[in-house]
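Source file: entry18.txt. Holds: compact mmCIF, C-alpha atoms and all ligand atoms.
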# COMPACT_ATOMS: atom_id res chain seq x y z
CA MET A 224 37.81 3.05 -45.32
CA SER A 225 35.60 1.98 -48.20
CA ARG A 226 37.25 0.01 -50.95
CA ARG A 227 35.55 -0.71 -54.26
CA PRO A 228 34.97 -4.47 -54.64
CA TYR A 229 37.22 -6.10 -57.21
CA VAL A 230 36.55 -9.35 -59.03
CA ALA A 231 39.06 -10.86 -61.45
CA ALA A 232 38.79 -13.86 -63.77
CA ASN A 233 42.02 -15.80 -64.14
CA TRP A 234 41.45 -17.97 -67.20
CA LYS A 235 44.89 -19.60 -66.83
CA MET A 236 45.75 -21.64 -69.98
CA ASN A 237 42.15 -21.78 -71.18
CA LYS A 238 40.29 -20.19 -74.12
CA THR A 239 41.44 -19.45 -77.63
CA ALA A 240 40.76 -15.95 -78.94
CA SER A 241 37.50 -17.16 -80.52
CA GLU A 242 36.40 -18.85 -77.31
CA ALA A 243 37.17 -15.58 -75.51
CA ASP A 244 34.90 -13.82 -78.02
CA GLU A 245 32.05 -16.19 -77.17
CA PHE A 246 32.51 -15.45 -73.47
CA LEU A 247 32.47 -11.69 -74.12
CA ASP A 248 29.34 -11.90 -76.30
CA SER A 249 27.50 -13.26 -73.32
CA PHE A 250 29.26 -11.47 -70.45
CA LEU A 251 29.90 -7.89 -71.57
CA PRO A 252 26.25 -6.80 -72.01
CA SER A 253 25.55 -7.63 -68.34
CA GLN A 254 28.29 -5.37 -66.96
CA SER A 255 27.69 -1.84 -65.72
CA ALA A 256 30.03 0.82 -64.38
CA ASP A 257 28.40 0.99 -60.95
CA GLY A 258 29.17 -2.60 -59.93
CA PRO A 259 32.49 -3.97 -58.66
CA GLU A 260 35.64 -3.46 -60.63
CA VAL A 261 35.79 -6.41 -63.04
CA VAL A 262 39.04 -7.61 -64.59
CA LEU A 263 39.56 -10.41 -67.12
CA CYS A 264 42.96 -12.14 -67.29
CA PRO A 265 43.11 -14.10 -70.57
CA PRO A 266 46.07 -16.14 -71.84
CA TRP A 267 48.58 -14.28 -74.05
CA LEU A 268 47.03 -15.06 -77.41
CA ALA A 269 43.55 -13.90 -76.44
CA LEU A 270 44.80 -10.78 -74.67
CA GLU A 271 44.74 -8.34 -77.57
CA ARG A 272 41.28 -9.48 -78.67
CA VAL A 273 39.86 -9.16 -75.15
CA ALA A 274 41.55 -5.80 -74.50
CA GLY A 275 40.19 -4.47 -77.81
CA ARG A 276 36.64 -5.58 -77.09
CA CYS A 277 36.68 -4.33 -73.47
CA ALA A 278 37.97 -0.86 -74.42
CA GLY A 279 35.18 1.63 -73.73
CA THR A 280 33.36 -0.84 -71.42
CA PRO A 281 33.64 -0.95 -67.60
CA VAL A 282 35.59 -4.24 -67.83
CA ARG A 283 39.37 -4.08 -67.51
CA VAL A 284 42.01 -6.53 -68.69
CA ALA A 285 45.17 -7.93 -67.10
CA ALA A 286 47.89 -10.29 -68.31
CA GLN A 287 48.79 -13.41 -66.32
CA ASN A 288 52.49 -12.49 -66.09
CA MET A 289 54.97 -9.79 -67.15
CA PHE A 290 58.75 -9.49 -67.27
CA TYR A 291 60.59 -6.64 -65.57
CA GLU A 292 62.74 -5.48 -68.50
CA ASP A 293 61.27 -3.40 -71.32
CA SER A 294 62.97 -5.27 -74.17
CA GLY A 295 66.04 -7.38 -74.96
CA ALA A 296 67.30 -10.94 -75.19
CA PHE A 297 64.69 -12.60 -72.95
CA THR A 298 63.19 -15.33 -75.11
CA GLY A 299 59.57 -16.10 -74.37
CA GLU A 300 58.95 -13.09 -72.16
CA VAL A 301 56.49 -10.18 -72.53
CA SER A 302 57.18 -6.66 -71.25
CA ALA A 303 55.11 -3.85 -69.77
CA PRO A 304 55.36 -1.61 -72.89
CA MET A 305 54.09 -4.51 -75.04
CA LEU A 306 51.08 -4.94 -72.76
CA LEU A 307 50.33 -1.22 -72.64
CA ASP A 308 50.54 -1.04 -76.43
CA ILE A 309 47.57 -3.40 -76.81
CA GLY A 310 45.47 -1.71 -74.12
CA VAL A 311 46.13 -4.01 -71.16
CA ASP A 312 45.52 -2.46 -67.72
CA GLY A 313 47.33 -4.78 -65.31
CA ALA A 314 49.19 -8.01 -64.70
CA VAL A 315 48.78 -10.95 -62.34
CA LEU A 316 52.18 -11.50 -60.75
CA GLY A 317 53.42 -14.42 -58.67
CA HIS A 318 50.50 -16.78 -59.16
CA SER A 319 51.19 -20.00 -57.29
CA GLU A 320 51.20 -21.96 -60.57
CA ARG A 321 54.02 -19.72 -61.82
CA ARG A 322 55.85 -20.18 -58.53
CA GLN A 323 55.29 -23.96 -58.51
CA PHE A 324 55.80 -24.92 -62.18
CA PHE A 325 57.88 -22.11 -63.68
CA GLY A 326 60.33 -21.12 -60.96
CA GLU A 327 58.88 -17.67 -60.22
CA SER A 328 60.81 -16.35 -57.22
CA ASP A 329 60.17 -13.62 -54.69
CA GLU A 330 63.40 -12.00 -55.88
CA SER A 331 62.05 -11.65 -59.40
CA LEU A 332 58.66 -10.47 -58.08
CA ALA A 333 60.49 -7.76 -56.13
CA LEU A 334 61.52 -6.42 -59.57
CA LYS A 335 58.24 -7.10 -61.39
CA VAL A 336 55.83 -5.40 -58.97
CA PRO A 337 57.51 -1.96 -58.94
CA LYS A 338 58.13 -2.25 -62.68
CA ALA A 339 54.41 -2.73 -63.33
CA ILE A 340 53.53 0.28 -61.18
CA GLU A 341 56.16 2.48 -62.80
CA ALA A 342 54.84 1.50 -66.25
CA GLY A 343 51.23 2.27 -65.26
CA LEU A 344 50.01 -1.33 -65.03
CA GLU A 345 48.07 -2.52 -61.98
CA PRO A 346 49.85 -5.43 -60.29
CA ILE A 347 47.68 -8.21 -58.86
CA LEU A 348 50.21 -9.87 -56.58
CA CYS A 349 49.35 -13.44 -55.55
CA VAL A 350 50.52 -14.90 -52.27
CA GLY A 351 49.55 -17.97 -50.29
CA GLU A 352 50.74 -21.00 -48.39
CA SER A 353 50.79 -24.66 -49.40
CA ARG A 354 48.93 -27.32 -47.46
CA ALA A 355 52.16 -28.52 -45.81
CA GLU A 356 53.01 -24.95 -44.77
CA ARG A 357 49.54 -24.48 -43.22
CA GLU A 358 49.75 -27.83 -41.42
CA SER A 359 53.13 -26.92 -39.95
CA ASN A 360 51.78 -23.53 -38.78
CA ASP A 361 53.98 -21.64 -41.20
CA THR A 362 51.20 -19.69 -42.94
CA GLU A 363 52.11 -16.35 -41.35
CA ALA A 364 55.84 -16.80 -41.98
CA VAL A 365 55.19 -17.62 -45.65
CA LEU A 366 52.83 -14.68 -46.13
CA SER A 367 55.25 -12.29 -44.39
CA HIS A 368 58.12 -13.39 -46.56
CA GLN A 369 56.14 -13.16 -49.80
CA VAL A 370 54.40 -9.84 -49.10
CA LEU A 371 57.38 -8.03 -47.61
CA THR A 372 59.89 -9.28 -50.20
CA ASP A 373 57.67 -8.80 -53.25
CA LEU A 374 56.72 -5.26 -52.20
CA ALA A 375 60.13 -4.27 -50.83
CA GLU A 376 60.93 -1.93 -53.73
CA VAL A 377 57.44 -0.43 -54.01
CA HIS A 378 57.46 3.15 -52.74
CA SER A 379 55.03 3.66 -49.83
CA ASP A 380 53.21 6.34 -51.85
CA ASP A 381 52.39 3.64 -54.42
CA LEU A 382 51.21 0.96 -52.01
CA GLY A 383 47.53 1.72 -52.66
CA LYS A 384 48.05 0.86 -56.35
CA VAL A 385 48.76 -2.78 -55.55
CA VAL A 386 46.03 -5.42 -55.48
CA ILE A 387 46.88 -8.51 -53.44
CA ALA A 388 45.27 -11.90 -53.96
CA TYR A 389 45.48 -14.32 -51.05
CA GLU A 390 45.27 -17.74 -52.66
CA PRO A 391 45.99 -20.67 -50.35
CA VAL A 392 47.57 -23.22 -52.69
CA TRP A 393 45.55 -26.08 -51.16
CA ALA A 394 42.29 -24.35 -52.14
CA ILE A 395 43.15 -23.74 -55.80
CA GLY A 396 41.21 -25.93 -58.20
CA THR A 397 40.51 -28.45 -55.44
CA GLY A 398 36.97 -27.50 -54.46
CA LEU A 399 38.36 -27.02 -50.93
CA VAL A 400 37.53 -23.45 -50.06
CA ALA A 401 39.12 -21.77 -47.05
CA THR A 402 36.62 -21.27 -44.24
CA PRO A 403 35.52 -17.65 -43.78
CA GLU A 404 37.58 -17.59 -40.56
CA GLN A 405 40.74 -18.85 -42.31
CA ALA A 406 40.29 -16.44 -45.23
CA GLN A 407 39.59 -13.41 -43.03
CA GLU A 408 42.45 -14.25 -40.65
CA ALA A 409 44.98 -14.48 -43.49
CA CYS A 410 43.73 -11.33 -45.25
CA GLU A 411 43.74 -9.37 -42.00
CA PHE A 412 47.27 -10.60 -41.36
CA ILE A 413 48.28 -9.38 -44.84
CA ARG A 414 46.70 -5.97 -44.20
CA ASN A 415 48.58 -5.70 -40.91
CA LEU A 416 51.82 -6.47 -42.77
CA LEU A 417 50.99 -3.63 -45.17
CA ARG A 418 50.44 -1.35 -42.16
CA THR A 419 54.07 -1.87 -41.22
CA ARG A 420 54.89 -0.23 -44.58
CA ASP A 421 52.29 2.57 -44.51
CA SER A 422 49.36 2.60 -42.13
CA GLU A 423 47.14 4.89 -44.20
CA ARG A 424 47.72 3.30 -47.59
CA ALA A 425 47.32 -0.22 -46.16
CA GLY A 426 43.65 0.69 -45.78
CA GLN A 427 43.37 1.43 -49.52
CA VAL A 428 44.79 -1.87 -50.77
CA ARG A 429 42.23 -4.27 -52.22
CA ILE A 430 42.87 -7.76 -50.87
CA LEU A 431 41.17 -10.56 -52.81
CA TYR A 432 40.56 -14.17 -51.84
CA GLY A 433 41.18 -16.88 -54.44
CA GLY A 434 40.70 -20.65 -54.29
CA SER A 435 37.53 -22.49 -55.37
CA VAL A 436 35.37 -19.33 -55.38
CA LYS A 437 31.94 -20.22 -56.81
CA PRO A 438 28.64 -18.36 -57.16
CA ASP A 439 27.35 -19.96 -53.95
CA ASN A 440 30.28 -19.08 -51.67
CA ALA A 441 31.36 -15.70 -53.13
CA GLY A 442 28.92 -13.53 -51.17
CA GLU A 443 29.93 -14.90 -47.78
CA LEU A 444 33.66 -14.50 -48.49
CA MET A 445 33.28 -11.01 -49.92
CA ALA A 446 31.33 -9.80 -46.88
CA LEU A 447 34.36 -10.38 -44.61
CA PRO A 448 35.96 -7.15 -43.37
CA ASP A 449 39.42 -7.58 -44.95
CA ILE A 450 38.31 -9.30 -48.17
CA ASP A 451 37.52 -6.89 -50.98
CA GLY A 452 36.95 -9.27 -53.85
CA ALA A 453 37.92 -12.50 -55.53
CA LEU A 454 40.40 -13.95 -58.01
CA VAL A 455 38.43 -16.69 -59.68
CA GLY A 456 39.81 -19.60 -61.73
CA GLY A 457 37.53 -22.46 -62.81
CA ALA A 458 34.21 -20.69 -62.21
CA ALA A 459 35.35 -17.70 -64.27
CA LEU A 460 35.42 -19.73 -67.48
CA ASP A 461 31.65 -19.67 -67.70
CA PRO A 462 30.08 -16.24 -68.28
CA ALA A 463 26.95 -17.02 -66.25
CA ASP A 464 28.92 -18.33 -63.25
CA PHE A 465 31.39 -15.45 -63.35
CA GLY A 466 28.51 -12.98 -63.75
CA ALA A 467 26.85 -14.49 -60.67
CA ILE A 468 30.10 -14.06 -58.69
CA VAL A 469 30.33 -10.42 -59.81
CA ALA A 470 26.70 -9.90 -58.73
CA ALA A 471 27.36 -11.56 -55.35
CA SER A 472 30.33 -9.24 -54.79
CA SER A 473 28.29 -6.10 -55.33
CA ALA A 474 25.95 -7.24 -52.62
CA GLY A 475 28.78 -8.14 -50.20
P1 LIG B 1 40.12 -21.90 -58.80
O1 LIG B 1 39.04 -20.84 -58.65
O2 LIG B 1 39.93 -22.77 -60.01
O3 LIG B 1 40.33 -22.65 -57.53
O4 LIG B 1 41.49 -21.11 -59.10
C1 LIG B 1 41.85 -20.06 -58.26
C2 LIG B 1 43.00 -19.36 -58.86
O5 LIG B 1 44.10 -19.88 -58.93
C3 LIG B 1 42.78 -18.01 -59.40
O6 LIG B 1 43.99 -17.39 -59.71

Show the structure stored in the file as structure tokens.
Amino acid sequence: MSRRPYVAANWKMNKTASEADEFLDSFLPSQSADGPEVVLCPPWLALERVAGRCAGTPVRVAAQNMFYEDSGAFTGEVSAPMLLDIGVDGAVLGHSERRQFFGESDESLALKVPKAIEAGLEPILCVGESRAERESNDTEAVLSHQVLTDLAEVHSDDLGKVVIAYEPVWAIGTGLVATPEQAQEACEFIRNLLRTRDSERAGQVRILYGGSVKPDNAGELMALPDIDGALVGGAALDPADFGAIVAASSAG
């Protein structure tokens, strides 16, 4: 089953709209439609600018979060119709920083993921274990709980629309990258979990690795059989570094 490589830039809480413009000035001209799928995930206030400038280019745009109701008394939240209205294509859901600092729960993700799909947004669901969970051999239990709970309400027919990012928490922003063996083992485990939902569609799901991906380690990670791309944090802030990661993924 061939899956198109997928590389996403999670800018987290970095870049004003004008800084995003500077990135795009340098990055967009280098992108072509025959490479990997490339997705930029800017912070809220740069989202409309980036979505506007990427319209008509091969580069797609995702938010870093989304709420599961369309509208109402939910102060501080942003809904799927609001994102669609400004030309956003997807949403990162369940990033470990949202889980760790903002109380994101698997119960709320079980509502957000099917909501995104129903609205026509591509969910990029993040899962991954902490260092303590890995050291106590709980990685598989954590991944099972996150994947099976967060996707519980997704219809099997829609499973292929989900992108999953495996991001071990201990590798995020630390410079500690998972070994190829650790990354492949976890991503294969995730794909086998998806097979318990739908064996055919499990083969269509793009599974990304995230955690200290850099230009010099991207190619090796992306060449692994169950890794179809990367969700990149720090190295995605620089257009040349992110461009090099995109280039390494096409080769992988
Ligand atoms: P770093 O690439 O900075 O480790 O961040 C990874 C990440 O959290 C992407 O979502």

I'd like to know which of A:Glu356, A:Asp373, A:Glu320, A:Asp461 is closest to ligand LIG 1 (chain B), using all atoms listed in the file.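 Closest to ligand LIG 1 (chain B), using all atoms listed in the file: A:Glu320.
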
Which polymer residues have any atom within 7 Å of an atom of Ala388 (chain A), counting only C-alpha atoms, with same-chain residues fewer than 2 positions away left out, as a ChimeraX atom specification? /A:347-350,386,390,430-433,454

Distance query Gly383 (chain A) at most 7 Å, all atoms listed in the file, self and fewer than 3 positions along chain excluded, as a short mmCIF file (atom, residue, chain, number, x, y, z; two decimals) with C-alpha atoms, keeping the file's coordinate frame:
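The resulting around_35.cif:
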data_model
loop_
_atom_site.label_atom_id
_atom_site.label_comp_id
_atom_site.auth_asym_id
_atom_site.auth_seq_id
_atom_site.Cartn_x
_atom_site.Cartn_y
_atom_site.Cartn_z
CA ARG A 424 47.72 3.30 -47.59
CA ALA A 425 47.32 -0.22 -46.16
CA GLN A 427 43.37 1.43 -49.52
CA VAL A 428 44.79 -1.87 -50.77
#

Protein, DNA and RNA residues within 12 Å of (63.3, -4.2, -50.6), all atoms listed in the file, as a list in words: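 Output of the proximity query reads Asp329, Glu330, Ser331, Leu332, Ala333, Leu334, Val336, Pro337, His368, Gln369, Val370, Leu371, Thr372, Asp373, Leu374, Ala375, Glu376, Val377, His378, Ser379 and Arg420 of chain A.
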
Report as CSV: every residue of chain A with an atom at most 9 Å from ligand LIG 1 (chain B), its closest pair of atoms, and their distance in Å to one decimal, counting all atoms listed in the file, with rows sorted by chain and ascending residue number.
residue,atom,partner,partner_atom,distance
A:Ala231,CA,B:LIG1,C3,8.3
A:Ala232,CA,B:LIG1,C3,7.2
A:Asn233,CA,B:LIG1,O6,5.1
A:Trp234,CA,B:LIG1,C3,7.9
A:Lys235,CA,B:LIG1,O6,7.5
A:Val315,CA,B:LIG1,O6,8.4
A:His318,CA,B:LIG1,O6,6.6
A:Ser319,CA,B:LIG1,O5,7.3
A:Glu320,CA,B:LIG1,O5,7.6
A:Cys349,CA,B:LIG1,O6,7.9
A:Ala388,CA,B:LIG1,O6,8.1
A:Glu390,CA,B:LIG1,O5,6.7
A:Pro391,CA,B:LIG1,O5,8.8
A:Val392,CA,B:LIG1,O5,7.9
A:Trp393,CA,B:LIG1,O3,8.9
A:Ala394,CA,B:LIG1,O3,6.0
A:Ile395,CA,B:LIG1,O3,3.5
A:Gly396,CA,B:LIG1,O3,3.5
A:Thr397,CA,B:LIG1,O3,6.2
A:Gly398,CA,B:LIG1,O3,6.7
A:Leu399,CA,B:LIG1,O3,8.2
A:Val400,CA,B:LIG1,O3,8.0
A:Tyr432,CA,B:LIG1,C3,8.8
A:Gly433,CA,B:LIG1,C1,5.0
A:Gly434,CA,B:LIG1,O3,3.8
A:Ser435,CA,B:LIG1,O3,3.5
A:Val436,CA,B:LIG1,O1,5.1
A:Lys437,CA,B:LIG1,O1,7.4
A:Ala453,CA,B:LIG1,C3,8.3
A:Leu454,CA,B:LIG1,C3,4.9
A:Val455,CA,B:LIG1,O1,4.3
A:Gly456,CA,B:LIG1,O1,3.4
A:Gly457,CA,B:LIG1,O2,3.7
A:Ala458,CA,B:LIG1,O1,6.0
A:Ala459,CA,B:LIG1,O1,7.4

The distance between CA of Glu345 (chain A) and CA of Thr280 (chain A) is 17.6 Å

Just the number, please: distance in Å from CA of Val261 (chain A) to CA of Val469 (chain A), one decimal.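 It comes out at 7.5 Å.
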
At what distance in Å, to one decimal, does CA of Val385 (chain A) lie from CA of Pro448 (chain A)?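 A separation of 18.2 Å between them.
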
For Leu247 (chain A), which of A:Val273, A:Ala355, A:Ala409, A:Val230 is the closest residue, counting all atoms listed in the file?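 Among the listed residues, A:Val273 lies closest to Leu247 (chain A).
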